[in-house]
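Presented below is the structure to which this report refers.
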Amino acid sequence: MNWLSNIPPGIKNIFKKEDDGADTLWTKCDGCGEMIFQRDLDAADQVCPSCQHHLPLDVAARLALVFDNGQYERIAVPEPVQDPLKFRDEKKYADRLKENRKKTGEADAMQVAAGTINSATVVIAIQNFKFMGGSMGLALGEAMLKAAEVAVARRAPLIVFAASGGARMQEGILSLMQMPRTTVAVQMVKEAGLPYLVVLTHPTTGGVTASYAMLGDVHLAEPGALIGFAGPRVIEQTIREKLPEGFQRAEFLQEKGMVDLVVHRRDLKETLSKLVRVLIKERRRVAPAVTIPARAVAIEAPKAQTPAPIQLDKAAE
Ligand SMILES: [Zn+2]
């Protein structure tokens, strides 16, 4: 051991490249601990061939998996105020943003794209866990609003892929304000009579679970995904009880009714496609019924208006 640490850094670097190459050839599965050949894992969309454990999937790979022919249009998101609190912990928040932008090549933790799933137009908002844990800040609020606006303008369903550690602490109260803001975005889509679907991926926690991630018409989840508000350790310490097996996992939540369906990644596109078709057909069938209360309001309206001019005439006399 000692003689290794005495090797000058320059010589170590000669061997470093080879080591990095070896790391990317094989990946250890978090589910069964087996070493999987990276090429096999890529071919299976990052699902372990031995135990079917779902490993994280990149934003680009996820979009390519769901959209027809892997083709889609990226929607630009308006840029919010940067670092409004001039926040600093161990690092400046501005520096953290810079680092994460360099690492991911994205402006923030949510990306918006439009395209077709089995020929049906959809808008997708997807969270990038690699960008500061997919945390919800001002930029994410902007992305959700933009996604909702585009969905309404194109009369397309909105699908959200959630993955988040929660609110972005570096933006303080402003990050918490994104909870009602994103809820308004979801409401816009629902008021336009369009489906809103949520796919909960590992992990979806905190303020994201407490807002738009739990407002879907249908909630899908990936197998084994951790979904909750507070983490299991915090809950255990608070209630001083041992939590049941599989607590806050997708399968457990399906059993309890918080998740509608746990879907294997290979079936995700087909499931989304079926849901979009059924929900759009359903909305069309429901549409005439929606106009009935509108007509009722129109009949009531003159009644409310008629007394006003009479009173005014009397007052004039
Ligand atoms: Zn495995």
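Ligands are numbered from 1 in the order shown, chains are lettered A, B, ... in the order of the structure tokens, and residues start at 1 in each chain.
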
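Excluding Pro84 (chain A) itself and any same-chain residue fewer than 6 positions from it, the protein and nucleic acid residues within 12 Å of it, counting only C-alpha atoms, are A:Tyr93, A:Ala94, A:Gly137, A:Leu138, A:Ala139, A:Gln170, A:Glu171, A:Gly172, A:Ile173, A:Leu174, A:Ser175.
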
Which residues are close to Ala60 (chain A), i.e. within 10 Å by only C-alpha atoms, leaving aside same-chain residues fewer than 2 positions away? Reply as a PDB file with C-alpha atoms, in the first residue's frame.
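Printed below is part.pdb as written:
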```
ATOM      1  CA  LEU A  57     -31.656   6.387 -17.377  1.00  0.00           C
ATOM      2  CA  ASP A  58     -30.273   9.614 -18.896  1.00  0.00           C
ATOM      3  CA  ARG A  62     -35.329   8.312 -21.877  1.00  0.00           C
ATOM      4  CA  LEU A  63     -36.688  10.671 -24.526  1.00  0.00           C
ATOM      5  CA  ALA A  64     -35.278   8.482 -27.307  1.00  0.00           C
ATOM      6  CA  LEU A  65     -36.934   5.439 -25.708  1.00  0.00           C
ATOM      7  CA  GLY A  70     -36.162   8.570 -31.008  1.00  0.00           C
ATOM      8  CA  GLN A 111     -36.084  19.737 -19.890  1.00  0.00           C
ATOM      9  CA  ILE A 126     -38.457  15.484 -17.737  1.00  0.00           C
ATOM     10  CA  ASN A 128     -32.664  15.482 -14.717  1.00  0.00           C
TER      11      ASN A 128
END
```

message: Give me, as a ChimeraX atom specification, all polymer residues having an atom no more than 10 Å from Ala151 (chain A), counting only C-alpha atoms and skipping those fewer than 2 positions away in the same chain.
response: /A:114,121-124,145-149,153-159,188-189,192,194-196

Keeping C-alpha atoms for every residue in the selection just given, could you write it to a file as a PDB file, in the first residue's frame?
```pdb
ATOM      1  CA  ALA A 114     -42.444  17.609 -27.914  1.00  0.00           C
ATOM      2  CA  THR A 121     -48.520  14.245 -30.255  1.00  0.00           C
ATOM      3  CA  VAL A 122     -47.391  14.672 -26.642  1.00  0.00           C
ATOM      4  CA  VAL A 123     -45.345  17.150 -24.629  1.00  0.00           C
ATOM      5  CA  ILE A 124     -42.875  15.748 -22.113  1.00  0.00           C
ATOM      6  CA  LEU A 145     -45.228  26.384 -17.099  1.00  0.00           C
ATOM      7  CA  LYS A 146     -43.668  26.325 -20.567  1.00  0.00           C
ATOM      8  CA  ALA A 147     -44.504  22.609 -20.963  1.00  0.00           C
ATOM      9  CA  ALA A 148     -48.111  23.275 -19.944  1.00  0.00           C
ATOM     10  CA  GLU A 149     -48.408  26.252 -22.335  1.00  0.00           C
ATOM     11  CA  ALA A 153     -51.385  25.394 -27.565  1.00  0.00           C
ATOM     12  CA  ARG A 154     -50.865  22.117 -29.421  1.00  0.00           C
ATOM     13  CA  ARG A 155     -53.851  20.351 -27.825  1.00  0.00           C
ATOM     14  CA  ALA A 156     -51.469  17.612 -26.663  1.00  0.00           C
ATOM     15  CA  PRO A 157     -51.311  15.615 -23.399  1.00  0.00           C
ATOM     16  CA  LEU A 158     -48.567  16.524 -20.928  1.00  0.00           C
ATOM     17  CA  ILE A 159     -46.381  13.751 -19.536  1.00  0.00           C
ATOM     18  CA  MET A 188     -53.979  24.850 -17.097  1.00  0.00           C
ATOM     19  CA  VAL A 189     -53.623  21.493 -18.854  1.00  0.00           C
ATOM     20  CA  ALA A 192     -58.031  22.642 -21.403  1.00  0.00           C
ATOM     21  CA  LEU A 194     -56.073  17.487 -21.851  1.00  0.00           C
ATOM     22  CA  PRO A 195     -54.618  14.425 -20.110  1.00  0.00           C
ATOM     23  CA  TYR A 196     -51.811  14.912 -17.593  1.00  0.00           C
TER      24      TYR A 196
END
```

field: All residues 7 Å or closer to region 37-49 of chain A, only C-alpha atoms, same chain fewer than 5 positions away omitted, as a list in words
entry: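 Near region 37-49 of chain A, the qualifying residues are Thr24, Leu25, Trp26, Thr27, Cys29, His54, Leu55, Pro56 and Leu57 of chain A.
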
Dump as a PDB file, in the first residue's frame, selection limited to N, CA and C atoms:
```pdb
ATOM      1  N   THR A  24     -15.966   2.031 -17.256  1.00  0.00           N
ATOM      2  CA  THR A  24     -17.149   2.216 -18.083  1.00  0.00           C
ATOM      3  C   THR A  24     -17.542   0.932 -18.833  1.00  0.00           C
ATOM      4  N   LEU A  25     -16.647  -0.048 -18.871  1.00  0.00           N
ATOM      5  CA  LEU A  25     -16.969  -1.308 -19.550  1.00  0.00           C
ATOM      6  C   LEU A  25     -17.943  -2.151 -18.745  1.00  0.00           C
ATOM      7  N   TRP A  26     -17.818  -2.078 -17.432  1.00  0.00           N
ATOM      8  CA  TRP A  26     -18.655  -2.887 -16.545  1.00  0.00           C
ATOM      9  C   TRP A  26     -19.368  -1.991 -15.540  1.00  0.00           C
ATOM     10  N   THR A  27     -20.601  -2.344 -15.196  1.00  0.00           N
ATOM     11  CA  THR A  27     -21.337  -1.601 -14.173  1.00  0.00           C
ATOM     12  C   THR A  27     -21.878  -2.587 -13.147  1.00  0.00           C
ATOM     13  N   CYS A  29     -24.563  -3.838 -10.641  1.00  0.00           N
ATOM     14  CA  CYS A  29     -26.001  -3.660 -10.431  1.00  0.00           C
ATOM     15  C   CYS A  29     -26.275  -3.410  -8.952  1.00  0.00           C
ATOM     16  N   HIS A  54     -34.019  -1.579 -12.149  1.00  0.00           N
ATOM     17  CA  HIS A  54     -33.981  -0.433 -13.062  1.00  0.00           C
ATOM     18  C   HIS A  54     -32.922   0.562 -12.611  1.00  0.00           C
ATOM     19  N   LEU A  55     -31.845   0.675 -13.385  1.00  0.00           N
ATOM     20  CA  LEU A  55     -30.794   1.649 -13.090  1.00  0.00           C
ATOM     21  C   LEU A  55     -31.198   3.003 -13.693  1.00  0.00           C
ATOM     22  N   PRO A  56     -30.586   4.105 -13.223  1.00  0.00           N
ATOM     23  CA  PRO A  56     -30.973   5.421 -13.768  1.00  0.00           C
ATOM     24  C   PRO A  56     -30.781   5.505 -15.285  1.00  0.00           C
ATOM     25  N   LEU A  57     -31.711   6.208 -15.922  1.00  0.00           N
ATOM     26  CA  LEU A  57     -31.656   6.387 -17.377  1.00  0.00           C
ATOM     27  C   LEU A  57     -31.488   7.882 -17.668  1.00  0.00           C
TER      28      LEU A  57
END
```

- request: Produce as an MDAnalysis selection string the set of residues near ligand 1, where near means within 7 Å with only C-alpha atoms and all ligand atoms considered.
  value: chainID A and resid 29:34 48:53

Can I get the selection written as a PDB file, in the first residue's frame, with N, CA and C atoms?
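Result went into out-v4.pdb, see below:
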```
ATOM      1  N   CYS A  29     -24.563  -3.838 -10.641  1.00  0.00           N
ATOM      2  CA  CYS A  29     -26.001  -3.660 -10.431  1.00  0.00           C
ATOM      3  C   CYS A  29     -26.275  -3.410  -8.952  1.00  0.00           C
ATOM      4  N   ASP A  30     -27.056  -2.351  -8.663  1.00  0.00           N
ATOM      5  CA  ASP A  30     -27.404  -2.032  -7.269  1.00  0.00           C
ATOM      6  C   ASP A  30     -28.385  -3.057  -6.707  1.00  0.00           C
ATOM      7  N   GLY A  31     -29.068  -3.761  -7.598  1.00  0.00           N
ATOM      8  CA  GLY A  31     -30.082  -4.720  -7.146  1.00  0.00           C
ATOM      9  C   GLY A  31     -29.475  -6.045  -6.723  1.00  0.00           C
ATOM     10  N   CYS A  32     -28.677  -6.680  -7.598  1.00  0.00           N
ATOM     11  CA  CYS A  32     -28.161  -8.020  -7.294  1.00  0.00           C
ATOM     12  C   CYS A  32     -26.653  -8.045  -7.079  1.00  0.00           C
ATOM     13  N   GLY A  33     -25.988  -6.905  -7.309  1.00  0.00           N
ATOM     14  CA  GLY A  33     -24.550  -6.831  -7.065  1.00  0.00           C
ATOM     15  C   GLY A  33     -23.713  -7.429  -8.178  1.00  0.00           C
ATOM     16  N   GLU A  34     -24.350  -7.931  -9.221  1.00  0.00           N
ATOM     17  CA  GLU A  34     -23.617  -8.563 -10.320  1.00  0.00           C
ATOM     18  C   GLU A  34     -22.942  -7.505 -11.210  1.00  0.00           C
ATOM     19  N   CYS A  48     -31.179  -4.269 -15.426  1.00  0.00           N
ATOM     20  CA  CYS A  48     -30.282  -5.404 -15.193  1.00  0.00           C
ATOM     21  C   CYS A  48     -30.866  -6.686 -15.810  1.00  0.00           C
ATOM     22  N   PRO A  49     -30.121  -7.367 -16.684  1.00  0.00           N
ATOM     23  CA  PRO A  49     -30.639  -8.585 -17.317  1.00  0.00           C
ATOM     24  C   PRO A  49     -30.847  -9.726 -16.296  1.00  0.00           C
ATOM     25  N   SER A  50     -30.114  -9.686 -15.163  1.00  0.00           N
ATOM     26  CA  SER A  50     -30.226 -10.765 -14.178  1.00  0.00           C
ATOM     27  C   SER A  50     -31.415 -10.596 -13.243  1.00  0.00           C
ATOM     28  N   CYS A  51     -31.566  -9.370 -12.684  1.00  0.00           N
ATOM     29  CA  CYS A  51     -32.600  -9.212 -11.645  1.00  0.00           C
ATOM     30  C   CYS A  51     -33.672  -8.187 -12.023  1.00  0.00           C
ATOM     31  N   GLN A  52     -33.582  -7.586 -13.208  1.00  0.00           N
ATOM     32  CA  GLN A  52     -34.556  -6.585 -13.688  1.00  0.00           C
ATOM     33  C   GLN A  52     -34.566  -5.293 -12.867  1.00  0.00           C
ATOM     34  N   HIS A  53     -33.511  -5.068 -12.098  1.00  0.00           N
ATOM     35  CA  HIS A  53     -33.403  -3.807 -11.367  1.00  0.00           C
ATOM     36  C   HIS A  53     -33.267  -2.657 -12.377  1.00  0.00           C
TER      37      HIS A  53
END
```

task: Skip Glu251 (chain A) itself and residues of its chain fewer than 6 positions away, then list as a list in words all residues within 10 Å of it, counting only C-alpha atoms.
output: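 Neighbouring residues, sequence-local ones excluded: Ala221, Glu222, Pro223, Gly224, Ala225, Leu226, Gly257, Met258, Val259, Asp260, Leu261, Val262 and Val263 of chain A.
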
message: Taking only C-alpha atoms into account, name the residue in A:Gly165, A:Gly115, A:Pro80, A:Gly193 that is nearest to Leu140 (chain A).
response: A:Pro80

message: My list of candidates is A:Val199, A:Ala210, A:Val184, A:Ala120. Which is closest to Lys281 (chain A) when distances are computed with only C-alpha atoms?
response: A:Ala120

- prompt: Hey, what's within 12 Å of Lys274 (chain A) if we count only C-alpha atoms and toss same-chain stuff fewer than 6 positions away? As number ranges by chain, please?
  reply: A: 117-120, 197, 218, 267-268, 280-281

query: How many Å separate CA of Met179 (chain A) from CA of Gly141 (chain A)?
result: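 CA of Gly141 (chain A) lies at a distance of 8.2 Å from CA of Met179 (chain A).
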
field: Secondary structure check, strand (DSSP E or B) residues of region 128-163 of chain A, as a list in words
entry: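 Matching residues for strand (DSSP E or B) in region 128-163 of chain A are Met136, Leu158, Ile159, Val160, Phe161, Ala162 and Ala163 of chain A.
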
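Between CA of Lys28 (chain A) and CA of Gly133 (chain A) the interatomic distance comes to 21.1 Å.
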
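Take CA of Phe161 (chain A) and CA of Val286 (chain A): the distance between them is 26.9 Å.
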